[in-house]
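J.: Just one file: data16.cif, with mmCIF, C-alpha atoms.
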data_query
loop_
_atom_site.label_atom_id
_atom_site.label_comp_id
_atom_site.auth_asym_id
_atom_site.auth_seq_id
_atom_site.Cartn_x
_atom_site.Cartn_y
_atom_site.Cartn_z
CA MET A 1008 0.00 0.00 0.00
CA ILE A 1009 1.33 3.47 -1.07
CA LYS A 1010 1.05 6.09 1.59
CA ARG A 1011 -0.30 9.53 0.69
CA GLY A 1012 3.08 11.14 1.41
CA ASP A 1013 4.82 8.74 -0.95
CA LYS A 1014 2.35 9.63 -3.77
CA LYS A 1015 3.04 13.31 -3.24
CA GLY A 1016 6.76 12.66 -3.42
CA SER A 1017 6.39 10.72 -6.66
CA HIS A 1018 4.47 13.67 -8.24
CA VAL A 1019 7.26 16.05 -7.25
CA GLY A 1020 9.81 13.70 -8.84
CA VAL A 1021 7.83 13.60 -12.08
CA MET A 1022 7.59 17.41 -12.18
CA ILE A 1023 11.31 17.81 -11.59
CA SER A 1024 12.10 15.27 -14.35
CA PHE A 1025 9.73 17.10 -16.71
CA VAL A 1026 11.35 20.48 -15.99
CA ILE A 1027 14.82 19.00 -16.57
CA PHE A 1028 13.66 17.49 -19.88
CA ILE A 1029 12.13 20.78 -21.11
CA THR A 1030 15.26 22.68 -20.07
CA PHE A 1031 17.39 20.20 -22.01
CA VAL A 1032 15.18 20.53 -25.12
CA ILE A 1033 15.37 24.34 -24.96
CA PHE A 1034 19.14 24.14 -24.53
CA ILE A 1035 19.54 21.88 -27.60
CA TYR A 1036 17.16 24.07 -29.62
CA SER A 1037 19.12 27.21 -28.72
CA ILE A 1038 22.28 25.57 -30.05
CA VAL A 1039 20.80 24.03 -33.21
CA GLN A 1040 18.37 26.77 -34.26
CA PRO A 1041 20.97 29.39 -35.30
CA ALA A 1042 22.72 26.78 -37.44
CA LEU A 1043 19.41 25.80 -39.05
CA ASN A 1044 18.63 29.46 -39.76
CA VAL A 1045 22.04 29.94 -41.38
CA GLN A 1046 21.53 26.81 -43.48
CA ARG A 1047 18.12 28.03 -44.65
CA ASP A 1048 19.64 31.41 -45.49
CA LYS A 1049 22.31 29.69 -47.57
CA GLU A 1050 19.72 27.58 -49.40
CA SER A 1051 17.62 30.65 -50.17
CA LEU A 1052 20.67 32.66 -51.24
CA SER A 1053 21.86 29.80 -53.45
CA SER A 1054 18.54 29.79 -55.31
CA SER A 1055 18.74 33.56 -55.74
CA LEU A 1056 22.35 33.26 -56.95
CA GLU A 1057 21.33 30.64 -59.50
CA ILE A 1058 18.61 32.89 -60.91
CA GLY A 1059 21.04 35.83 -61.10
CA ILE A 1060 23.68 33.78 -62.92
CA LEU A 1061 21.16 32.42 -65.43
CA LYS A 1062 20.05 35.96 -66.26
CA LYS A 1063 23.65 36.86 -67.07
CA VAL A 1064 24.59 33.86 -69.23
CA SER A 1065 21.31 32.74 -70.86
CA TYR A 1066 20.12 33.87 -74.29
CA ASP A 1067 17.46 32.91 -76.80
CA LEU A 1068 18.37 30.21 -79.30
CA THR A 1069 16.14 29.72 -82.34
CA SER A 1070 16.34 26.29 -83.95
CA GLY A 1071 14.80 25.51 -87.32
CA THR A 1072 14.69 22.27 -89.29
CA ILE A 1073 15.08 22.30 -93.08
CA LEU A 1074 14.14 19.18 -95.07
CA LEU A 1075 15.92 18.93 -98.41
CA LYS A 1076 14.25 17.38 -101.45
CA ASP A 1077 17.64 16.14 -102.67
CA SER A 1078 20.53 15.25 -100.37
CA LEU A 1079 23.42 17.65 -99.91
CA GLY A 1080 26.73 15.86 -100.41
CA VAL A 1081 29.59 17.72 -102.04
CA GLY A 1082 29.41 21.31 -103.21
CA CYS A 1083 27.07 23.89 -101.70
CA VAL A 1084 23.44 24.98 -101.79
CA GLU A 1085 21.94 28.42 -101.40
CA LEU A 1086 18.64 28.34 -99.50
CA ASN A 1087 16.81 31.31 -100.97
CA TRP A 1088 15.27 33.60 -98.35
CA ALA A 1089 15.85 31.01 -95.60
CA GLN A 1090 16.81 33.68 -93.06
CA GLU A 1091 13.51 35.44 -93.64
CA GLU A 1092 11.51 32.20 -93.66
CA LEU A 1093 13.06 31.19 -90.33
CA GLY A 1094 12.82 34.70 -88.89
CA ILE A 1095 16.50 34.83 -87.99
CA GLY A 1096 19.62 36.91 -88.59
CA LYS A 1097 23.17 36.13 -89.69
CA ASN A 1098 24.48 34.66 -86.40
CA ILE A 1099 23.97 31.04 -87.40
CA ALA A 1100 25.37 27.53 -87.15
CA VAL A 1101 24.19 24.67 -89.36
CA LYS A 1102 24.44 20.96 -88.62
CA GLY A 1103 23.46 18.02 -90.82
CA ASP A 1104 21.45 14.98 -89.74
CA SER A 1105 24.75 13.06 -89.65
CA GLY A 1106 25.69 15.24 -86.68
CA VAL A 1107 28.48 17.02 -88.58
CA MET A 1108 28.77 20.81 -88.35
CA LEU A 1109 28.54 22.25 -91.86
CA GLY A 1110 29.99 25.44 -93.26
CA SER A 1111 27.34 28.17 -93.15
CA TYR A 1112 27.57 31.53 -94.90
CA THR A 1113 25.50 34.43 -96.19
CA PRO A 1114 25.67 35.69 -99.79
CA SER A 1115 27.47 38.88 -100.76
CA SER A 1116 24.33 39.91 -102.70
CA GLY A 1117 22.73 40.92 -99.40
CA GLN A 1118 19.76 38.65 -100.00
CA LYS A 1119 18.56 36.89 -96.84
CA ASP A 1120 19.72 33.47 -97.97
CA ILE A 1121 21.74 30.81 -96.16
CA ILE A 1122 24.61 29.11 -97.99
CA VAL A 1123 25.50 25.65 -96.72
CA GLN A 1124 28.70 23.85 -97.70
CA GLY A 1125 28.57 20.05 -97.88
CA THR A 1126 31.27 17.76 -96.53
CA GLY A 1127 30.71 14.78 -98.79
CA THR A 1128 28.40 12.96 -96.37
CA PRO A 1129 24.80 12.90 -97.68
CA GLU A 1130 22.67 15.26 -95.59
CA ASN A 1131 18.88 15.18 -95.94
CA ILE A 1132 17.95 17.36 -92.97
CA LEU A 1133 19.64 20.56 -91.89
CA LYS A 1134 19.34 21.97 -88.37
CA VAL A 1135 19.86 25.74 -88.30
CA HIS A 1136 20.64 27.43 -84.98
CA TYR A 1137 20.47 31.19 -84.54
CA SER A 1138 21.43 33.35 -81.57
CA PRO A 1139 23.06 36.78 -81.21
CA ILE A 1140 25.70 34.98 -79.13
CA LEU A 1141 26.83 32.85 -82.08
CA ASP A 1142 29.43 34.21 -84.48
CA GLU A 1143 28.03 36.03 -87.50
CA ALA A 1144 28.26 33.91 -90.65
CA GLU A 1145 30.95 34.92 -93.12
CA THR A 1146 29.73 36.68 -96.26
CA VAL A 1147 30.93 34.92 -99.41
CA SER A 1148 30.55 34.93 -103.18
CA LEU A 1149 29.98 31.32 -104.18
CA ILE A 1150 28.23 29.74 -107.14
CA CYS A 1151 25.90 27.24 -105.48
CA THR A 1152 22.79 25.30 -106.36
CA GLU A 1153 19.87 27.58 -105.52
CA LEU A 1154 16.99 26.02 -103.63
CA GLU A 1155 13.50 27.49 -103.34
CA GLU A 1156 11.33 27.00 -100.25
CA GLY A 1157 8.33 24.80 -101.05
CA GLU A 1158 9.98 23.35 -104.17
CA ASP A 1159 13.46 22.22 -103.17
CA TYR A 1160 13.23 22.43 -99.40
CA THR A 1161 10.55 22.66 -96.74
CA LEU A 1162 10.63 24.06 -93.23
CA GLY A 1163 10.04 21.80 -90.28
CA LEU A 1164 9.68 22.72 -86.62
CA ILE A 1165 10.92 26.18 -85.61
CA LYS A 1166 11.26 26.96 -81.89
CA THR A 1167 12.95 29.53 -79.70
CA GLN A 1168 14.14 28.69 -76.18
CA LYS A 1169 16.47 30.30 -73.68
CA TYR A 1170 19.67 28.39 -72.90
CA LEU A 1171 22.79 28.90 -70.85
CA PHE A 1172 25.76 29.42 -73.19
CA GLU A 1173 29.08 27.86 -72.17
CA VAL A 1174 31.02 30.71 -73.76
CA LYS A 1175 29.18 33.29 -71.63
CA MET A 1176 29.59 31.17 -68.48
CA THR A 1177 33.33 31.01 -69.15
CA GLU A 1178 33.42 34.80 -69.42
CA LEU A 1179 31.50 35.17 -66.13
CA ILE A 1180 33.94 32.82 -64.38
CA LYS A 1181 36.83 35.00 -65.58
CA GLU A 1182 35.06 38.12 -64.26
CA TYR A 1183 35.01 36.58 -60.76
CA SER A 1184 38.75 37.19 -60.30
CA TYR A 1185 38.65 40.94 -61.00
CA ARG A 1186 35.00 41.98 -60.46
CA TYR A 1187 34.15 40.04 -57.32
CA GLU A 1188 32.74 42.92 -55.29
CA ASP A 1189 30.74 44.24 -58.25
CA LEU A 1190 29.33 40.77 -58.93
CA LYS A 1191 28.49 40.39 -55.26
CA THR A 1192 26.35 43.52 -55.48
CA GLU A 1193 24.81 42.59 -58.83
CA LEU A 1194 23.90 39.10 -57.63
CA ASN A 1195 22.47 40.39 -54.31
CA ILE A 1196 24.83 38.43 -52.04
CA LEU A 1197 24.26 39.33 -48.37
CA GLU A 1198 26.93 41.17 -46.42
CA GLY A 1199 29.14 38.72 -44.55
CA MET A 1200 28.58 35.88 -47.04
CA ASP A 1201 30.72 34.79 -49.96
CA PHE A 1202 29.93 32.84 -53.09
CA GLY A 1203 31.22 30.97 -56.11
CA TYR A 1204 29.79 29.21 -59.15
CA GLY A 1205 30.62 26.94 -62.03
CA LEU A 1206 29.37 24.61 -64.73
CA ILE A 1207 29.74 20.83 -64.80
CA LEU A 1208 30.05 20.02 -68.50
CA SER A 1209 28.43 17.10 -70.28
CA ASN A 1210 31.77 15.24 -70.27
CA GLY A 1211 32.05 15.55 -66.48
CA THR A 1212 34.66 18.33 -66.53
CA THR A 1213 33.97 21.24 -64.17
CA ILE A 1214 34.78 24.86 -64.95
CA GLU A 1215 34.35 27.05 -61.88
CA THR A 1216 35.53 29.99 -59.83
CA ASN A 1217 38.44 29.56 -57.45
CA GLY A 1218 37.88 31.65 -54.34
CA ASP A 1219 39.01 31.36 -50.73
CA GLU A 1220 36.51 28.62 -50.00
CA PRO A 1221 36.44 27.03 -46.53
CA GLN A 1222 36.63 23.28 -46.04
CA THR A 1223 33.47 23.27 -43.91
CA ASN A 1224 30.22 25.24 -43.60
CA ILE A 1225 29.95 25.65 -47.37
CA TYR A 1226 26.63 25.08 -49.11
CA ILE A 1227 26.91 23.61 -52.62
CA GLU A 1228 24.02 23.03 -54.97
CA GLN A 1229 24.09 21.38 -58.42
CA THR A 1230 21.09 21.90 -60.68
CA PRO A 1231 20.58 19.93 -63.94
CA ILE A 1232 20.51 22.26 -66.93
CA GLN A 1233 20.66 22.22 -70.72
CA TYR A 1234 23.29 24.48 -72.22
CA VAL A 1235 24.84 25.34 -75.58
CA ASN A 1236 28.45 24.15 -75.72
CA LEU A 1237 31.33 25.66 -77.69
CA ASN A 1238 30.41 23.54 -80.72
CA GLY A 1239 26.87 24.88 -80.80
CA ASP A 1240 25.36 21.62 -79.51
CA ILE A 1241 22.59 21.56 -76.92
CA VAL A 1242 23.79 19.24 -74.15
CA THR A 1243 23.05 18.52 -70.49
CA GLY A 1244 25.20 19.54 -67.54
CA TYR A 1245 24.87 21.03 -64.04
CA LEU A 1246 24.91 24.62 -62.84
CA LYS A 1247 26.95 24.72 -59.62
CA THR A 1248 26.49 27.37 -56.93
CA LYS A 1249 28.47 27.76 -53.71
CA ILE A 1250 27.64 29.82 -50.62
CA TRP A 1251 29.67 30.18 -47.41
#
Would you put the structure from the file into structure tokens?
T.:
Amino acid sequence: MIKRGDKKGSHVGVMISFVIFITFVIFIYSIVQPALNVQRDKESLSSSLEIGILKKVSYDLTSGTILLKDSLGVGCVELNWAQEELGIGKNIAVKGDSGVMLGSYTPSSGQKDIIVQGTGTPENILKVHYSPILDEAETVSLICTELEEGEDYTLGLIKTQKYLFEVKMTELIKEYSYRYEDLKTELNILEGMDFGYGLILSNGTTIETNGDEPQTNIYIEQTPIQYVNLNGDIVTGYLKTKIW
């Protein structure tokens, strides 16, 4: 039989244990919470940094497909008014369905044509890429087989999308070494925090900034992304952001 005094003592013991437990929880929370807040700040800042970088290195790329009535092998063809039909300018790159990059030019006549030089491999479909970031096609005077839209070639799918360009990302990485403070302001990096960035290429190679990065307490995020490489191909890689 439990005496009334013993029951009262047991209640006091439970209350003391409860107070100790709550005090312990508050103590742990006070230690962990600042670190959690910092981590959340880094995650939020990393997302903001990613958006800022993409704005700086992403541009529209218009891609148009041209289906040839007769294959292009050797020699060259002049696609009459193809620039106008595609709604593009002179900053172009042309690739055949074999995957080979073809010579692409514009005529000295000033007409909005596209001249494509064959490589000897039969090409039935041409993929034309246009972006102000691409080099402007050389103007040439060549005697080529002239092709008319609707008779000798037809237009397939034409689409415009925004892509990260490797060449612009490389330029931004170079800027990091001599424009760090300016970039920090432009990319809205908080006072007291530092940052870095890079691009993991489709072949696994990483090009990135080299700052005074710590070994610990650094937040790194890698986001899958399609980008235009130095050959004008659309490939998959990862945009890398670093906050510490």
J.: What do you get, as a list in words, if you spell out every residue that the PyMOL selection byres ((chain A and resi 1122) around 9) selects here?
T.: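 Listing what the PyMOL selection byres ((chain A and resi 1122) around 9) selects in the shown file: Cys1083, Val1084, Glu1085, Leu1086, Asn1087, Gly1110, Ser1111, Tyr1112, Thr1113, Pro1114, Asp1120, Ile1121, Val1123, Gln1124, Val1147, Leu1149 and Cys1151 of chain A.
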J.: May I ask for the distance between atom CA of A:Val1174 and atom CA of A:Gly1244, given in Å to one decimal place?
T.: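 Distance reported for this atom pair: 14.0 Å.
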J.: Please compute the atom CA of A:Gly1094-atom CA of A:Gln1168 distance, one decimal, in Å.
T.: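 Computing it gives 14.1 Å between the two atoms.
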J.: Take the PyMOL selection byres ((chain A and resi 1231) around 8), apply it to the structure above, and return the hits as an NGL selection string.
T.: :A and (1229-1230 or 1232-1233 or 1243-1246)
J.: Translate the PyMOL selection byres ((chain A and resi 1239) around 9) into a concrete residue list for this structure, as a compact mmCIF listing (two decimals) with C-alpha atoms, keeping the file's coordinate frame.
T.:
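Generated file (selection.txt):
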# COMPACT_ATOMS: atom_id res chain seq x y z
CA ALA A 1100 25.37 27.53 -87.15
CA VAL A 1101 24.19 24.67 -89.36
CA MET A 1108 28.77 20.81 -88.35
CA HIS A 1136 20.64 27.43 -84.98
CA LEU A 1141 26.83 32.85 -82.08
CA PHE A 1172 25.76 29.42 -73.19
CA VAL A 1235 24.84 25.34 -75.58
CA ASN A 1236 28.45 24.15 -75.72
CA LEU A 1237 31.33 25.66 -77.69
CA ASN A 1238 30.41 23.54 -80.72
CA ASP A 1240 25.36 21.62 -79.51
CA ILE A 1241 22.59 21.56 -76.92
J.: Using Å and a single decimal, report how far atom CA of A:Ser1138 sits from atom CA of A:Asp1077.
T.: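 Spanning atom CA of A:Asp1077 to atom CA of A:Ser1138 is a straight-line distance of 27.5 Å.
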J.: Rank nothing, just name the residue among A:Thr1192, A:Thr1223, A:Asn1210, A:Thr1128 nearest to A:Leu1056, using all atoms listed in the file.
T.: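 Going through A:Thr1192, A:Thr1223, A:Asn1210, A:Thr1128 one by one, the smallest distance to A:Leu1056 is for A:Thr1192.
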J.: Here is a test: counting only C-alpha atoms, which residue of A:Leu1171, A:Ile1250, A:Ile1095, A:Met1176 is nearest to A:Glu1143?
T.: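 For A:Glu1143, the nearest of the candidates is A:Ile1095.
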J.: Between A:Leu1052, A:Gly1203, A:Leu1068, A:Lys1134, single out the one closest to A:Gly1106, counting only C-alpha atoms.
T.: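 Of the candidates, the smallest distance to A:Gly1106 is held by A:Lys1134.
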J.: Check the smallest atom-to-atom distance from each of A:Asn1217, A:Ser1116, A:Asn1131, A:Asn1098 to A:Lys1076 using only C-alpha atoms, then report the winner.
T.: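 Smallest distance to A:Lys1076 is found for A:Asn1131.
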J.: For A:Leu1079, please output as a list in words all residues within 7 Å (counting all atoms listed in the file; exclusion window: fewer than 3 positions along the same chain).
T.: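 In the requested form, the answer reads Gly1125, Pro1129, Glu1130 and Asn1131 of chain A.
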J.: Which of these residues is nearest to A:Pro1139, using all atoms listed in the file: A:Asp1067, A:Glu1178, A:Glu1155, A:Glu1228?
T.: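 That would be A:Asp1067, the residue with the smallest distance to A:Pro1139.
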